[in-house]
$ cat query-v8.txt   # compact mmCIF, C-alpha atoms
# COMPACT_ATOMS: atom_id res chain seq x y z
CA MET X 1 0.00 0.00 0.00
CA LYS X 2 1.13 3.57 -0.64
CA LEU X 3 1.30 6.29 1.97
CA SER X 4 -0.07 9.76 1.47
CA SER X 5 1.22 12.70 3.51
CA ARG X 6 -0.51 16.00 4.16
CA LYS X 7 -0.15 19.06 6.34
CA ILE X 8 -2.50 21.75 7.57
CA PHE X 9 -1.65 24.87 9.50
CA LEU X 10 -3.05 27.52 11.80
CA ILE X 11 -2.64 31.16 10.86
CA GLY X 12 -1.20 33.36 13.58
CA MET X 13 -3.69 36.19 13.63
CA ILE X 14 -6.12 37.41 16.26
CA ILE X 15 -9.72 37.83 15.16
CA CYS X 16 -11.86 40.06 17.37
CA GLY X 17 -15.63 40.17 17.43
CA LEU X 18 -16.06 37.02 15.37
CA VAL X 19 -19.71 36.31 14.59
CA SER X 20 -20.83 33.00 13.12
CA ILE X 21 -24.14 32.39 11.40
CA SER X 22 -24.08 28.61 11.64
CA LEU X 23 -22.10 25.75 13.09
CA ALA X 24 -20.71 23.07 10.83
CA TYR X 25 -17.80 20.67 11.19
CA VAL X 26 -15.64 19.71 8.24
CA LEU X 27 -13.88 16.34 7.94
CA LEU X 28 -10.47 15.86 6.36
CA GLY X 29 -11.42 12.47 4.99
CA VAL X 30 -8.79 10.62 7.00
CA GLN X 31 -8.93 9.18 10.51
CA TRP X 32 -7.41 6.69 12.93
CA PRO X 33 -9.04 3.28 13.34
CA VAL X 34 -11.78 3.46 15.98
CA GLY X 35 -10.37 2.38 19.33
CA THR X 36 -6.80 3.54 18.60
CA ASN X 37 -4.57 4.84 21.38
CA VAL X 38 -2.53 7.53 19.60
CA GLY X 39 0.65 7.77 21.63
CA PHE X 40 2.81 10.84 21.14
CA TYR X 41 6.16 12.26 22.26
CA ILE X 42 7.07 15.85 23.13
CA ASN X 43 10.32 17.73 22.67
CA PRO X 44 10.69 20.55 25.24
CA ASN X 45 12.98 22.67 23.09
CA THR X 46 11.30 26.05 23.35
CA ALA X 47 13.02 28.38 25.81
CA GLN X 48 10.01 30.71 26.09
CA VAL X 49 8.12 28.84 28.81
CA THR X 50 8.81 25.99 31.21
CA ASP X 51 5.46 24.20 31.33
CA GLU X 52 4.60 23.84 27.65
CA ALA X 53 4.44 20.06 27.94
CA TRP X 54 1.64 20.36 30.48
CA ALA X 55 -0.33 22.54 28.07
CA VAL X 56 0.01 20.01 25.24
CA TYR X 57 -0.80 17.18 27.64
CA TYR X 58 -3.99 18.93 28.77
CA ALA X 59 -5.07 19.46 25.16
CA ALA X 60 -4.55 15.78 24.32
CA GLY X 61 -6.51 14.77 27.41
CA THR X 62 -9.41 17.01 26.45
CA TRP X 63 -9.83 15.16 23.14
CA SER X 64 -9.47 11.80 24.88
CA ALA X 65 -12.16 12.77 27.39
CA LEU X 66 -14.77 13.01 24.63
CA ASP X 67 -15.11 9.24 24.53
CA PRO X 68 -12.21 7.17 25.88
CA SER X 69 -13.44 4.03 24.11
CA ALA X 70 -13.43 5.68 20.68
CA LEU X 71 -10.00 7.31 20.51
CA LYS X 72 -7.31 8.28 22.98
CA ILE X 73 -4.36 10.62 22.55
CA THR X 74 -1.76 9.67 25.15
CA TYR X 75 1.59 11.14 26.18
CA TRP X 76 4.30 8.47 25.86
CA GLY X 77 7.44 10.41 26.79
CA SER X 78 10.01 12.91 25.66
CA THR X 79 11.93 12.99 22.40
CA GLY X 80 14.83 14.81 20.79
CA VAL X 81 13.03 15.23 17.46
CA THR X 82 13.14 18.82 16.20
CA ASP X 83 11.06 18.66 13.01
CA PHE X 84 8.26 16.69 11.38
CA GLY X 85 8.99 13.53 9.43
CA TYR X 86 7.70 10.03 8.82
CA ASP X 87 9.75 8.10 11.37
CA GLY X 88 7.32 5.78 13.15
CA SER X 89 6.53 8.17 16.02
CA ASN X 90 3.90 10.84 16.61
CA THR X 91 5.77 13.91 17.83
CA VAL X 92 5.18 17.46 19.02
CA CYS X 93 7.99 20.02 18.87
CA TRP X 94 8.94 23.67 18.34
CA LYS X 95 10.92 24.99 15.37
CA ASN X 96 11.65 28.58 14.36
CA GLU X 97 10.07 28.96 10.93
CA GLY X 98 10.19 32.75 10.84
CA ILE X 99 7.52 35.37 10.33
CA THR X 100 6.39 33.81 7.05
CA GLY X 101 5.70 30.49 8.75
CA PRO X 102 2.29 29.59 10.20
CA LEU X 103 1.59 29.66 13.92
CA ALA X 104 1.58 25.86 14.06
CA THR X 105 1.29 22.98 11.62
CA ALA X 106 -0.20 19.49 11.87
CA TYR X 107 1.16 16.76 9.61
CA TRP X 108 -0.19 13.27 9.03
CA TRP X 109 0.47 10.23 6.91
CA SER X 110 -2.29 7.87 5.82
CA TRP X 111 -2.78 4.86 3.59
CA ARG X 112 -4.12 5.96 0.21
CA SER X 113 -6.20 2.81 -0.09
CA ASN X 114 -8.36 3.39 3.00
CA ASN X 115 -7.46 6.88 4.34
CA ILE X 116 -6.37 5.45 7.68
CA ILE X 117 -3.85 7.64 9.53
CA VAL X 118 -0.69 5.83 10.58
CA GLU X 119 1.38 8.73 11.96
CA ALA X 120 1.02 12.41 12.83
CA ASP X 121 3.33 15.25 13.90
CA MET X 122 2.81 18.77 15.22
CA VAL X 123 5.23 21.70 14.90
CA PHE X 124 4.84 25.00 16.76
CA ASN X 125 6.58 27.98 15.17
CA ASP X 126 9.03 29.21 17.80
CA TYR X 127 9.29 32.57 16.05
CA TYR X 128 6.06 33.62 17.73
CA THR X 129 5.67 34.41 21.42
CA TRP X 130 4.10 31.54 23.38
CA SER X 131 2.47 31.47 26.79
CA THR X 132 0.67 29.20 29.23
CA SER X 133 -0.55 32.03 31.45
CA GLY X 134 -3.12 33.77 29.27
CA SER X 135 -0.89 36.21 27.39
CA ASN X 136 0.44 35.98 23.83
CA TYR X 137 -0.35 32.81 21.89
CA ASP X 138 -1.79 30.18 24.22
CA ILE X 139 -0.12 26.79 23.81
CA GLU X 140 -3.04 24.72 25.05
CA THR X 141 -5.47 26.43 22.68
CA VAL X 142 -3.24 25.90 19.66
CA ALA X 143 -2.46 22.30 20.65
CA LEU X 144 -6.18 21.61 21.03
CA HIS X 145 -6.70 22.90 17.49
CA GLU X 146 -3.83 20.89 16.01
CA PHE X 147 -4.94 17.70 17.78
CA GLY X 148 -8.29 18.34 16.10
CA HIS X 149 -6.50 17.90 12.79
CA TRP X 150 -4.82 14.79 14.14
CA VAL X 151 -8.21 13.17 14.80
CA GLY X 152 -9.43 14.06 11.30
CA LEU X 153 -11.10 17.49 11.47
CA ASP X 154 -10.52 20.24 8.92
CA HIS X 155 -10.92 23.98 9.51
CA SER X 156 -14.46 25.20 10.17
CA SER X 157 -16.24 28.51 10.36
CA THR X 158 -16.07 28.81 14.13
CA GLY X 159 -15.00 27.10 17.35
CA ILE X 160 -11.70 25.40 18.12
CA MET X 161 -11.22 24.39 14.47
CA TYR X 162 -11.48 27.96 13.14
CA TYR X 163 -8.58 28.53 10.75
CA ALA X 164 -7.06 31.50 12.61
CA TYR X 165 -6.15 32.06 16.25
CA SER X 166 -8.98 33.97 17.92
CA GLY X 167 -7.98 33.97 21.58
CA ILE X 168 -7.87 31.42 24.36
CA ARG X 169 -10.23 28.48 23.88
CA GLN X 170 -9.38 25.48 26.05
CA TYR X 171 -12.46 23.36 25.43
CA ILE X 172 -14.04 21.44 22.57
CA ASP X 173 -17.15 23.12 21.22
CA SER X 174 -20.26 21.20 20.15
CA ASP X 175 -19.37 21.60 16.47
CA ALA X 176 -15.95 19.93 16.79
CA ARG X 177 -17.43 17.27 19.06
CA ALA X 178 -20.07 16.44 16.47
CA GLY X 179 -17.34 15.93 13.91
CA PHE X 180 -15.46 13.67 16.30
CA GLU X 181 -18.62 11.66 16.92
CA ALA X 182 -19.19 11.27 13.18
CA MET X 183 -15.82 9.50 12.92
CA TYR X 184 -15.43 7.71 16.23
CA GLY X 185 -18.85 7.32 17.80
CA SER X 186 -21.03 9.14 20.30
CA ALA X 187 -19.59 11.18 23.13
CA PRO X 188 -21.15 11.98 26.51
CA ALA X 189 -23.96 14.53 26.37
CA GLY X 190 -23.27 18.15 27.26
CA PRO X 191 -22.57 21.52 25.64
CA SER X 192 -18.78 21.23 25.79
CA ILE X 193 -15.94 19.06 27.01
CA GLU X 194 -13.06 20.42 29.07
CA LEU X 195 -10.47 18.38 30.91
CA ASP X 196 -10.37 18.55 34.70
CA LYS X 197 -6.72 19.55 35.04
CA SER X 198 -6.63 18.85 38.76
CA SER X 199 -6.74 15.11 38.07
CA LEU X 200 -3.71 14.98 35.79
CA ARG X 201 -0.13 13.99 36.40
CA PHE X 202 2.51 14.65 33.81
CA LEU X 203 4.94 11.73 33.79
CA GLY X 204 8.39 12.46 32.41
CA SER X 205 10.41 15.52 31.58
CA GLY X 206 9.32 16.13 27.98
CA THR X 207 7.84 19.42 26.82
CA ASP X 208 6.94 20.94 23.48
CA SER X 209 9.49 22.42 21.24
$ encode --input "query-v8.txt" --output "structure tokens"
Amino acid sequence: MKLSSRKIFLIGMIICGLVSISLAYVLLGVQWPVGTNVGFYINPNTAQVTDEAWAVYYAAGTWSALDPSALKITYWGSTGVTDFGYDGSNTVCWKNEGITGPLATAYWWSWRSNNIIVEADMVFNDYYTWSTSGSNYDIETVALHEFGHWVGLDHSSTGIMYYAYSGIRQYIDSDARAGFEAMYGSAPAGPSIELDKSSLRFLGSGTDS
């Protein structure tokens, strides 16, 4: 079988006063097999913050909390990887791609025959100013968006999968959840899903790069 690789990115711009007429999720046409535990590794190579790994970990847990039996995204440890590439591991890292680079980029590889994802990477552009405290670009928000691409969602007109950064959003809106359900099955009822951060423990020393 032949592999197909694709990437999709988030534009680093702040949109104020965004008004949406309707909610609609958009699927990329690729996904993981239902029931997959997508393990990933983090490289802590950004010098801007010290707790970026926690932020990425929280974002992964928020997607996993939608329906643990359908798809999980699980932290597996740290890595020294500094860029995307098909290497058998799902990785998250930082790389300075300059002002012309996007805010962050999600990459994935899938089988052309059945559109099943076999690997995914995420690269944050270290040119931009990152934060985990509510200022500048919020790591958890951006990671939540990029993990949305990992699970198979494309950009939409609003919510966490909106194509441009529009401020802190650390939960999965009903639109994105509906798209997740369309691929992986029903999730618990409720207007939104947000991870209870008080119950988490980050195991290992890895962080985003």
$ atom_distance --input "query-v8.txt" --atom1 "CA of Tyr163 (chain X)" --atom2 "CA of Gly39 (chain X)"
25.2 Å
$ residues_near_point --input "query-v8.txt" --point "(13.5, 31.3, 13.9)" --cutoff "10 Å" --atoms "all atoms listed in the file" --output "PyMOL selection string"
chain X and resi 94-99+101+125-128
$ atom_distance --input "query-v8.txt" --atom1 "CA of Thr91 (chain X)" --atom2 "CA of Val38 (chain X)"
10.6 Å
$ residues_near_point --input "query-v8.txt" --point "(-3.2, 4.2, 26.5)" --cutoff "9 Å" --atoms "all atoms listed in the file" --output "VMD selection string"
chain X and resid 36 to 39 72 to 76
$ closest_residue --input "query-v8.txt" --among "X:Leu153, X:Ala60, X:Val123, X:Ile168" --to "Ala24 (chain X)" --atoms "all atoms listed in the file"
X:Leu153
$ atom_distance --input "query-v8.txt" --atom1 "CA of Tyr162 (chain X)" --atom2 "CA of Tyr86 (chain X)"
26.6 Å
$ closest_atom_pairs --input "query-v8.txt" --of "region 54-102 of chain X" --to "region 139-144 of chain X" --cutoff "12 Å" --atoms "only C-alpha atoms" --output "JSON lines"
{"residue": "X:Trp54", "atom": "CA", "partner": "X:Glu140", "partner_atom": "CA", "distance": 8.4}
{"residue": "X:Ala55", "atom": "CA", "partner": "X:Glu140", "partner_atom": "CA", "distance": 4.6}
{"residue": "X:Val56", "atom": "CA", "partner": "X:Glu140", "partner_atom": "CA", "distance": 5.6}
{"residue": "X:Tyr57", "atom": "CA", "partner": "X:Glu140", "partner_atom": "CA", "distance": 8.3}
{"residue": "X:Tyr58", "atom": "CA", "partner": "X:Glu140", "partner_atom": "CA", "distance": 6.9}
{"residue": "X:Ala59", "atom": "CA", "partner": "X:Leu144", "partner_atom": "CA", "distance": 4.8}
{"residue": "X:Ala60", "atom": "CA", "partner": "X:Leu144", "partner_atom": "CA", "distance": 6.9}
{"residue": "X:Gly61", "atom": "CA", "partner": "X:Leu144", "partner_atom": "CA", "distance": 9.4}
{"residue": "X:Thr62", "atom": "CA", "partner": "X:Leu144", "partner_atom": "CA", "distance": 7.8}
{"residue": "X:Trp63", "atom": "CA", "partner": "X:Leu144", "partner_atom": "CA", "distance": 7.7}
{"residue": "X:Ser64", "atom": "CA", "partner": "X:Leu144", "partner_atom": "CA", "distance": 11.0}
{"residue": "X:Ile73", "atom": "CA", "partner": "X:Leu144", "partner_atom": "CA", "distance": 11.2}
{"residue": "X:Val92", "atom": "CA", "partner": "X:Ala143", "partner_atom": "CA", "distance": 9.2}
{"residue": "X:Cys93", "atom": "CA", "partner": "X:Ala143", "partner_atom": "CA", "distance": 10.8}
{"residue": "X:Trp94", "atom": "CA", "partner": "X:Ile139", "partner_atom": "CA", "distance": 11.0}
{"residue": "X:Pro102", "atom": "CA", "partner": "X:Val142", "partner_atom": "CA", "distance": 11.6}
$ closest_residue --input "query-v8.txt" --among "X:Asn136, X:Gln31, X:Thr79, X:Thr50" --to "Trp109 (chain X)" --atoms "all atoms listed in the file"
X:Gln31
$ closest_residue --input "query-v8.txt" --among "X:His155, X:Ser133, X:Ala65, X:Tyr184" --to "Ile172 (chain X)" --atoms "all atoms listed in the file"
X:Ala65
